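Source file: structure.txt; contents: compact mmCIF, C-alpha atoms.
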```
# COMPACT_ATOMS: atom_id res chain seq x y z
CA MET A 1 39.79 -6.78 47.52
CA TYR A 2 37.11 -8.61 45.55
CA ASN A 3 34.84 -5.54 45.64
CA LEU A 4 37.67 -3.31 44.40
CA ILE A 5 38.41 -5.50 41.38
CA TYR A 6 34.71 -6.03 40.66
CA ASN A 7 33.99 -2.29 40.73
CA TYR A 8 37.04 -1.58 38.56
CA ILE A 9 35.90 -4.07 35.92
CA ASP A 10 32.28 -2.89 36.17
CA LEU A 11 33.33 0.72 35.55
CA LEU A 12 35.53 -0.47 32.69
CA LEU A 13 32.77 -2.43 30.95
CA HIS A 14 29.68 -0.44 31.94
CA PRO A 15 30.76 3.20 32.40
CA VAL A 16 27.37 4.70 31.51
CA LYS A 17 25.38 2.56 33.93
CA SER A 18 28.00 2.96 36.66
CA HIS A 19 27.98 6.76 36.47
CA GLN A 20 24.19 6.83 36.28
CA ASP A 21 24.07 4.69 39.43
CA LEU A 22 26.49 7.04 41.20
CA ALA A 23 24.40 10.07 40.19
CA ASN A 24 21.18 8.34 41.30
CA GLU A 25 22.68 7.42 44.67
CA ARG A 26 23.74 11.02 45.17
CA GLU A 27 20.25 12.27 44.31
CA LYS A 28 18.75 9.70 46.65
CA LEU A 29 21.05 10.89 49.43
CA GLU A 30 19.96 14.49 48.89
CA LYS A 31 16.30 13.50 49.00
CA VAL A 32 16.83 11.59 52.22
CA LYS A 33 18.51 14.61 53.78
CA LYS A 34 15.52 16.78 52.86
CA SER A 35 12.98 14.24 54.08
CA ARG A 36 10.65 15.38 56.85
CA ASP A 37 10.32 11.90 58.32
CA PHE A 38 13.32 12.22 60.64
CA SER A 39 12.64 8.85 62.21
CA LEU A 40 13.57 7.19 58.93
CA VAL A 41 16.28 9.59 57.83
CA ASP A 42 19.11 8.01 59.82
CA ASP A 43 18.33 4.50 58.61
CA ASP A 44 17.93 5.54 54.95
CA LEU A 45 20.98 7.77 55.09
CA HIS A 46 23.08 4.96 56.56
CA GLU A 47 21.81 2.51 53.92
CA THR A 48 22.56 4.91 51.06
CA ARG A 49 26.05 5.64 52.35
CA GLU A 50 26.77 1.93 52.69
CA GLU A 51 25.69 1.36 49.07
CA LYS A 52 28.00 4.12 47.86
CA LYS A 53 30.82 2.92 50.09
CA ASN A 54 30.66 -0.54 48.52
CA PHE A 55 30.72 0.93 45.02
CA ILE A 56 33.16 3.84 44.97
CA LEU A 57 36.87 3.33 44.47
CA ASP A 58 39.12 6.11 45.73
CA PHE A 59 42.23 7.34 43.93
CA ALA A 60 44.59 5.03 45.80
CA SER A 61 42.58 1.97 44.79
CA PHE A 62 42.28 3.03 41.16
CA ALA A 63 45.97 3.89 40.96
CA THR A 64 47.05 0.62 42.58
CA ILE A 65 45.04 -1.57 40.20
CA SER A 66 46.04 0.53 37.21
CA TRP A 67 49.69 0.35 38.28
CA ALA A 68 49.56 -3.43 37.82
CA PHE A 69 48.63 -2.96 34.15
CA VAL A 70 51.39 -0.38 33.72
CA LEU A 71 53.95 -2.81 35.12
CA ILE A 72 52.70 -5.58 32.81
CA PHE A 73 52.99 -3.15 29.89
CA ALA A 74 56.57 -2.31 30.88
CA ILE A 75 57.51 -5.99 31.19
CA TYR A 76 56.21 -7.10 27.81
CA SER A 77 57.57 -3.91 26.17
CA LEU A 78 61.05 -4.83 27.42
CA ILE A 79 60.56 -8.39 26.19
CA PHE A 80 59.53 -7.17 22.72
CA PHE A 81 62.43 -4.71 22.73
CA HIS A 82 65.00 -7.40 23.44
CA PHE A 83 63.35 -9.75 20.96
CA GLY A 84 63.62 -7.02 18.30
CA GLN A 85 67.26 -6.55 19.18
CA TYR A 86 67.87 -10.26 18.81
CA LEU A 87 66.19 -10.29 15.38
CA SER A 88 68.14 -7.28 14.13
CA ASP A 89 71.44 -8.80 15.24
CA ASP A 90 70.55 -12.17 13.78
CA LEU A 91 69.34 -10.94 10.37
CA SER A 92 72.21 -8.70 9.53
CA GLU A 93 75.12 -6.95 11.22
CA ASP A 94 75.52 -4.00 8.90
CA GLY A 95 72.53 -4.07 6.56
CA PHE A 96 69.73 -1.59 6.16
CA LEU A 97 67.24 -3.83 7.96
CA ALA A 98 69.44 -3.92 11.04
CA SER A 99 69.69 -0.14 11.16
CA VAL A 100 65.92 0.17 10.92
CA LEU A 101 65.24 -2.35 13.69
CA GLY A 102 68.17 -1.50 15.87
CA GLY A 103 68.46 2.27 16.08
CA SER A 104 71.23 4.10 17.88
CA LEU A 105 72.53 3.13 21.31
CA PHE A 106 71.36 6.48 22.66
CA GLN A 107 67.79 5.84 21.42
CA LYS A 108 67.79 2.43 23.06
CA LYS A 109 68.88 3.87 26.39
CA ILE A 110 66.26 6.62 26.20
CA PHE A 111 63.55 4.06 25.45
CA ILE A 112 64.49 1.83 28.39
CA ILE A 113 64.92 4.72 30.84
CA SER A 114 61.62 6.33 29.85
CA LEU A 115 59.82 2.99 30.12
CA LEU A 116 61.22 2.27 33.58
CA PHE A 117 60.55 5.84 34.70
CA GLU A 118 56.94 5.56 33.56
CA ALA A 119 56.47 2.27 35.39
CA VAL A 120 58.14 3.29 38.67
CA PHE A 121 56.63 6.76 38.94
CA PHE A 122 53.15 5.93 37.66
CA PRO A 123 51.39 6.85 40.95
CA LEU A 124 52.90 10.34 40.78
CA ALA A 125 51.97 10.71 37.11
CA ALA A 126 48.43 9.52 37.90
CA TRP A 127 48.18 12.05 40.74
CA VAL A 128 49.23 14.89 38.42
CA TYR A 129 46.77 13.63 35.80
CA ILE A 130 43.92 13.64 38.34
CA LYS A 131 44.78 17.13 39.60
CA PHE A 132 44.98 18.45 36.03
CA TRP A 133 41.52 17.20 35.09
CA ARG A 134 40.04 18.35 38.37
CA VAL A 135 41.19 21.89 37.62
CA ILE A 136 39.87 21.71 34.04
CA ILE A 137 36.46 20.33 35.05
CA SER A 138 36.09 22.74 37.98
CA PHE A 139 36.84 25.66 35.67
CA PHE A 140 34.16 24.65 33.16
CA ALA A 141 31.70 23.76 35.92
CA ASN A 142 31.91 27.37 37.11
CA LEU A 143 31.73 28.59 33.52
CA PHE A 144 28.60 26.51 32.82
CA ASP A 145 27.12 27.37 36.24
CA LYS A 146 27.11 23.75 37.39
CA ASN A 147 27.06 22.85 41.07
CA VAL A 148 29.68 20.09 41.22
CA GLU A 149 30.52 18.48 44.52
CA ARG A 150 34.06 17.40 45.33
CA GLU A 151 33.00 13.78 45.72
CA SER A 152 31.27 13.61 42.33
CA LEU A 153 34.24 15.32 40.67
CA ASP A 154 36.56 12.70 42.17
CA GLU A 155 34.28 9.95 40.86
CA VAL A 156 34.64 11.22 37.29
CA VAL A 157 38.39 11.76 37.21
CA ASN A 158 39.28 8.69 39.27
CA THR A 159 37.22 6.31 37.16
CA SER A 160 38.99 7.43 33.99
CA LEU A 161 42.07 5.59 35.25
CA VAL A 162 40.41 2.32 34.22
CA GLY A 163 41.68 3.15 30.73
CA ASN A 164 45.06 1.78 31.83
CA PHE A 165 43.56 -1.69 31.40
CA PHE A 166 44.06 -1.31 27.63
CA LEU A 167 47.83 -1.28 28.13
CA LEU A 168 47.47 -5.05 28.03
CA ILE A 169 46.94 -4.75 24.26
CA PRO A 170 50.33 -4.97 22.48
CA ILE A 171 51.49 -2.12 20.18
CA LEU A 172 48.22 -0.12 20.13
CA GLY A 173 47.56 -0.36 23.86
CA LYS A 174 49.09 2.98 24.80
CA MET A 175 47.14 4.89 22.16
CA ILE A 176 43.88 3.12 23.08
CA LYS A 177 44.53 3.91 26.74
CA SER A 178 44.87 7.64 26.05
CA VAL A 179 41.72 7.77 23.93
CA SER A 180 39.72 5.64 26.37
CA GLN A 181 40.59 7.87 29.33
CA ILE A 182 39.15 10.86 27.46
CA PHE A 183 36.08 8.73 26.65
CA TYR A 184 35.57 7.76 30.31
CA ILE A 185 35.85 11.39 31.40
CA PHE A 186 33.27 12.33 28.75
CA ILE A 187 30.90 9.62 30.01
CA GLY A 188 31.40 10.76 33.60
CA LEU A 189 30.70 14.38 32.75
CA LYS A 190 27.53 13.54 30.86
CA HIS A 191 25.99 10.85 33.06
CA ASN A 192 27.38 11.68 36.49
CA LEU A 193 27.81 15.45 36.58
CA LYS A 194 24.90 15.94 34.14
CA PHE A 195 26.75 18.10 31.63
CA THR A 196 25.18 18.27 28.19
CA THR A 197 26.82 16.42 25.31
CA THR A 198 28.18 19.69 23.91
CA GLN A 199 29.50 20.82 27.28
CA SER A 200 31.16 17.45 27.89
CA PHE A 201 32.79 17.56 24.46
CA ILE A 202 34.13 21.06 25.06
CA VAL A 203 35.64 19.99 28.39
CA VAL A 204 37.46 16.94 27.02
CA ILE A 205 38.93 18.82 24.02
CA SER A 206 39.78 21.92 26.06
CA PRO A 207 43.43 20.88 26.65
CA LEU A 208 43.93 20.79 22.87
CA ILE A 209 42.26 24.19 22.56
CA PHE A 210 44.50 25.65 25.28
CA ILE A 211 47.61 24.20 23.62
CA ALA A 212 46.54 25.58 20.22
CA MET A 213 45.91 29.01 21.73
CA PHE A 214 49.28 28.94 23.49
CA MET A 215 51.10 27.97 20.28
CA LEU A 216 49.23 30.71 18.38
CA PHE A 217 50.19 33.24 21.05
CA MET A 218 53.84 32.17 20.91
CA ALA A 219 53.83 32.37 17.10
CA MET A 220 52.34 35.87 17.17
CA TYR A 221 54.83 36.89 19.86
CA GLY A 222 57.70 35.54 17.77
CA MET A 223 56.50 37.41 14.69
CA LEU A 224 56.26 40.59 16.74
CA ILE A 225 59.86 40.19 17.98
CA ILE A 226 61.07 39.55 14.43
CA ASN A 227 59.26 42.64 13.11
CA LEU A 228 60.78 44.79 15.85
CA TYR A 229 64.26 43.83 14.68
```
Taking this structure as input, can you express it in the form of structure tokens?
Amino acid sequence: MYNLIYNYIDLLLHPVKSHQDLANEREKLEKVKKSRDFSLVDDDLHETREEKKNFILDFASFATISWAFVLIFAIYSLIFFHFGQYLSDDLSEDGFLASVLGGSLFQKKIFIISLLFEAVFFPLAAWVYIKFWRVIISFFANLFDKNVERESLDEVVNTSLVGNFFLLIPILGKMIKSVSQIFYIFIGLKHNLKFTTTQSFIVVISPLIFIAMFMLFMAMYGMLIINLY
């Protein structure tokens, strides 16, 4: 358990060094495999694998630790929500300030339900997130003619979950978390998978490009339908 938390924090604070170490260990493993001194291969290979085993966190470990931060975020969000409700009721019953702070009953229910849904089903959401980025990175790896192993790809997408740590920051935590996850993927692409800076940037902004292209296509399709009628 100590190693899991230590690696999580190390990847959070030192993403560049961590991904460089992972890439170096992988290169070392490949060199050992190609070594002609077979009497030393087994020992070196075992040592290298043990070093990687002590360092890598799999998806389940990342998701479990990140889930703790999501639950903390949900708890203090509910506390702030109820505190805001108390203030709005205390300041005024019918005034403008109360309407601004309070909102409609429907909005309150939606907020609470969405918050609880996000907290309870975080592992599923994290799994979808991981699968999404794996598809995106694999697509661009083929496009850029990069030989990306499954293990190294998992290292990049799994480590980006450390961005959930920033949910501990009130108010701005969720926005910082989203930006930081993109940043950690960028760092992983550049220093682990050895993409260039330009290639890494293209990969991380590709979802926005795809969305923009889809919206443009839908707009053109809508204009075509309107012109036909």
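Of note, atom CA of Pro15 of chain A and atom CA of Ile182 of chain A are spaced 12.4 Å apart.
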**OP:** For atom CA of Thr159 of chain A and atom CA of Phe62 of chain A, quote the distance in Å rounded to one decimal.
**Re:** 7.2 Å
Name all residues at most 12 Å from Ile171 of chain A (count only C-alpha atoms; drop same-chain ones fewer than 3 positions away) and give them as a short mmCIF file (atom, residue, chain, number, x, y, z; two decimals) with C-alpha atoms, in the coordinates of the input.
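Result file selection10.cif:
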```
data_model
loop_
_atom_site.label_atom_id
_atom_site.label_comp_id
_atom_site.auth_asym_id
_atom_site.auth_seq_id
_atom_site.Cartn_x
_atom_site.Cartn_y
_atom_site.Cartn_z
CA PHE A 73 52.99 -3.15 29.89
CA ALA A 74 56.57 -2.31 30.88
CA TYR A 76 56.21 -7.10 27.81
CA SER A 77 57.57 -3.91 26.17
CA PHE A 80 59.53 -7.17 22.72
CA PHE A 81 62.43 -4.71 22.73
CA PHE A 166 44.06 -1.31 27.63
CA LEU A 167 47.83 -1.28 28.13
CA LEU A 168 47.47 -5.05 28.03
CA LYS A 174 49.09 2.98 24.80
CA MET A 175 47.14 4.89 22.16
CA ILE A 176 43.88 3.12 23.08
CA LYS A 177 44.53 3.91 26.74
#
```
Original post:
Quick one, how far is atom CA of Lys109 of chain A from atom CA of His82 of chain A?
Top reply: 12.3 Å
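Those DNA, RNA and protein residues that approach the point (56.0, 6.4, 31.6) to within 12 Å, considering only C-alpha atoms, are Trp67, Val70, Leu71, Phe73, Ala74, Ser77, Ile110, Phe111, Ile112, Ile113, Ser114, Leu115, Leu116, Phe117, Glu118, Ala119, Val120, Phe121, Phe122, Pro123, Leu124, Ala125, Ala126, Asn164, Leu167 and Lys174 of chain A.
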Residues as selected, C-alpha atoms, written as a compact mmCIF listing (two decimals), in the frame of the given file, can you do that?
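Result file is selection-v2.txt:
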```
# COMPACT_ATOMS: atom_id res chain seq x y z
CA TRP A 67 49.69 0.35 38.28
CA VAL A 70 51.39 -0.38 33.72
CA LEU A 71 53.95 -2.81 35.12
CA PHE A 73 52.99 -3.15 29.89
CA ALA A 74 56.57 -2.31 30.88
CA SER A 77 57.57 -3.91 26.17
CA ILE A 110 66.26 6.62 26.20
CA PHE A 111 63.55 4.06 25.45
CA ILE A 112 64.49 1.83 28.39
CA ILE A 113 64.92 4.72 30.84
CA SER A 114 61.62 6.33 29.85
CA LEU A 115 59.82 2.99 30.12
CA LEU A 116 61.22 2.27 33.58
CA PHE A 117 60.55 5.84 34.70
CA GLU A 118 56.94 5.56 33.56
CA ALA A 119 56.47 2.27 35.39
CA VAL A 120 58.14 3.29 38.67
CA PHE A 121 56.63 6.76 38.94
CA PHE A 122 53.15 5.93 37.66
CA PRO A 123 51.39 6.85 40.95
CA LEU A 124 52.90 10.34 40.78
CA ALA A 125 51.97 10.71 37.11
CA ALA A 126 48.43 9.52 37.90
CA ASN A 164 45.06 1.78 31.83
CA LEU A 167 47.83 -1.28 28.13
CA LYS A 174 49.09 2.98 24.80
```
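Among the candidates A:Leu216, A:Asn147, A:Ile137, A:Gln181, the residue lying nearest to Ile202 of chain A is A:Ile137 (atoms considered: all atoms listed in the file).
For the set A:Ser66, A:Gln85, A:Gln20, A:Asn158, the residue with the smallest atom-to-atom gap to Leu193 of chain A is A:Gln20, counting all atoms listed in the file.
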Original post:
Can you find the residues with an atom no farther than 12 Å from (33.5, 21.9, 27.6), counting all atoms listed in the file, and report them as a PyMOL selection string?
Top reply: chain A and resi 133+136-144+146+185-186+189-190+195-210
Enclosing box along x, y and z for every listed atom of segment 8-15 of chain A, padded 6 Å each side, centre and size in Å, one decimal, as JSON:
```
{"center_x": 33.4, "center_y": -0.4, "center_z": 34.8, "size_x": 19.4, "size_y": 19.3, "size_z": 19.6}
```
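Of the listed residues A:Leu13, A:Ile169, A:Val135, A:Ile5, the one whose atoms come nearest to Ser61 of chain A is A:Ile5, with distances taken using all atoms listed in the file.
Of the listed residues A:Pro170, A:Gly163, A:Met213, A:Ile65, the one whose atoms come nearest to Ile79 of chain A is A:Pro170, with distances taken using all atoms listed in the file.
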